[in-house]
Structure formats: structure tokens, C-alpha cells
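What follows is one structure encoded as C-alpha cells, with my remarks underneath.
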Amino acid sequence: MKDKQPWKEVGLIDSGIFFVDGDRSSLRYPSREEFVDSGVMFLNAESIKSGRINLKAVNHIANEKYDQIKKGRIQKEDILLTTRGNGIGDCAFVDIEEKGIINAQMLILRNKNNIICPQFLYYYITLDSTKNLINVSSGLKLN
């Protein structure tokens, strides 16, 4: 039987977790007229439901538009957070390998070096005790 390694406490700065913001450029940001029936996912707060990407509520953009937008590209095992709007604090774990981009009202938490298991981080963020801590320290009311 293998000896189990004790859990190591790591601060956020040393964890390898970094934040990716959505693109805020008005020149690149897609307008409603640029949404298409199928293509690359363009995620917004309504795209997050019960900890997952709600594929029925996702907008889509053409590949050409995707190529113009450099920020906010999602990857498998990313954690998506809503930072503004009605769903502030909603969270989803990306468990699909599909191209997508978040809008400017969202944030990606990405695990750079796997010191922290991405699923563990997702479940930790969604704990009521973690949300309460954020609510108290920031003055925000998270969902």
C-alpha cells in the first residue's frame, strides 16, 4: 500500500491558478447580428446552469470572429465565473473539449501547473462557506 502524501496548503499566488478575463474591445466584441445558428460557443451568464455550460442557452459566433478575439478562450477543466449581472458568482466547470469564448461579464480560473486539482477547486468555490467568506470580505452577494 502506498503511503499517502499529506495535503499541502498552498496560497492562491503559489497555486498556479491564474485568471483570464473576457475581451472588452468594442472593435472585436460580437454584436447580436454576428451571432450564428452554429459555430464557436460565445458564453454569457445565461450559459451557466447548475455548475455546467448550458448548451441550450449558448450563443454562437463564426470561426472568423473567434479568430479576431484573443482573450477569454476556454479550455477543458477551466472554471467559469460570472462577475456581473443577475448571475454574479455563478460557476461552471468546463468538462467538454469545444472551442468557446466568454463574454466581458465572466472570468476564467485556469490551473497552470496542476498543484490544485481543478475539480477540487471548483467544488471548493461552490461551497456555501466559501461563498459566505467572499460575501463578507467583498460586500458582494454571490448566488
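Following the order of the C-alpha cells, chains are lettered A, B, ..., residues in each are numbered from 1, and ligands are numbered from 1.
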Non-local contacts of A:Ile53 (10 Å; only C-alpha atoms; under 2 positions in same chain excluded) as a PyMOL selection string: chain A and resi 43-51+55-58+80+91-96
Any chance you can output those residues with C-alpha atoms as a PDB file, in the first residue's frame?
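File produced: out_15.pdb:
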ATOM      1  CA  LEU A  43     -20.750  32.204 -23.383  1.00  0.00           C
ATOM      2  CA  ASN A  44     -22.596  34.623 -21.125  1.00  0.00           C
ATOM      3  CA  ALA A  45     -24.145  34.403 -17.648  1.00  0.00           C
ATOM      4  CA  GLU A  46     -27.228  32.637 -19.025  1.00  0.00           C
ATOM      5  CA  SER A  47     -24.911  29.925 -20.398  1.00  0.00           C
ATOM      6  CA  ILE A  48     -24.113  28.802 -16.824  1.00  0.00           C
ATOM      7  CA  LYS A  49     -26.639  26.457 -15.234  1.00  0.00           C
ATOM      8  CA  SER A  50     -26.219  24.058 -12.299  1.00  0.00           C
ATOM      9  CA  GLY A  51     -22.426  24.126 -12.476  1.00  0.00           C
ATOM     10  CA  LEU A  55     -25.578  24.247 -24.291  1.00  0.00           C
ATOM     11  CA  LYS A  56     -29.206  25.224 -24.980  1.00  0.00           C
ATOM     12  CA  ALA A  57     -28.525  28.804 -23.825  1.00  0.00           C
ATOM     13  CA  VAL A  58     -25.217  29.322 -25.646  1.00  0.00           C
ATOM     14  CA  LEU A  80     -16.033  29.875 -15.372  1.00  0.00           C
ATOM     15  CA  CYS A  91     -19.813  28.990 -11.554  1.00  0.00           C
ATOM     16  CA  ALA A  92     -19.324  26.194 -14.101  1.00  0.00           C
ATOM     17  CA  PHE A  93     -16.691  23.531 -14.654  1.00  0.00           C
ATOM     18  CA  VAL A  94     -15.712  23.069 -18.305  1.00  0.00           C
ATOM     19  CA  ASP A  95     -15.874  19.338 -18.948  1.00  0.00           C
ATOM     20  CA  ILE A  96     -16.080  19.481 -22.741  1.00  0.00           C
TER      21      ILE A  96
END
Long-range neighbours of A:Ser31 as a count of residues only, 12 Å cut-off, only C-alpha atoms, 2 positions minimum in chain: 16
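The nearest approach to A:Leu81 among the residues A:Cys117, A:Leu109, A:Ile69, A:Ala104, with only C-alpha atoms taken into account, belongs to A:Leu109.
Distance check against A:Glu77 using only C-alpha atoms: of A:Val10, A:Gly100, A:Asn113, A:Pro118, the minimum falls on A:Pro118.
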Close residues, A:Lys70 itself excluded, 10 Å, only C-alpha atoms, min 2 positions apart in chain, as a list in words: Gly22, Asp23, Arg28, Tyr66, Asp67, Gln68, Gly72, Arg73 and Ile101 of chain A
Polymer residues at most 8 Å from A:Phe19, only C-alpha atoms, same-chain spacing of 2 or more positions, as a PyMOL selection string: chain A and resi 17+21+107-110
Filtered DSSP result for stretch 5-133 of chain A, state alpha helix (DSSP H), as number ranges by chain: A: 63-68, 118-125, 128-133
Which of stretch 13-134 of chain A fall in strand (DSSP E or B), as a ChimeraX atom specification: /A:17-21,35-36,40-43,48-49,52-53,59-61,73,79-82,91-93,100-102,106-111
Atom pair atom CA of A:Pro30 / atom CA of A:Met106: separation (Å): 15.1 Å
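The space between atom CA of A:Gly89 and atom CA of A:Lys131 spans 8.2 Å.
Distance-wise, atom CA of A:Phe18 and atom CA of A:Asp128 end up 22.5 Å apart.
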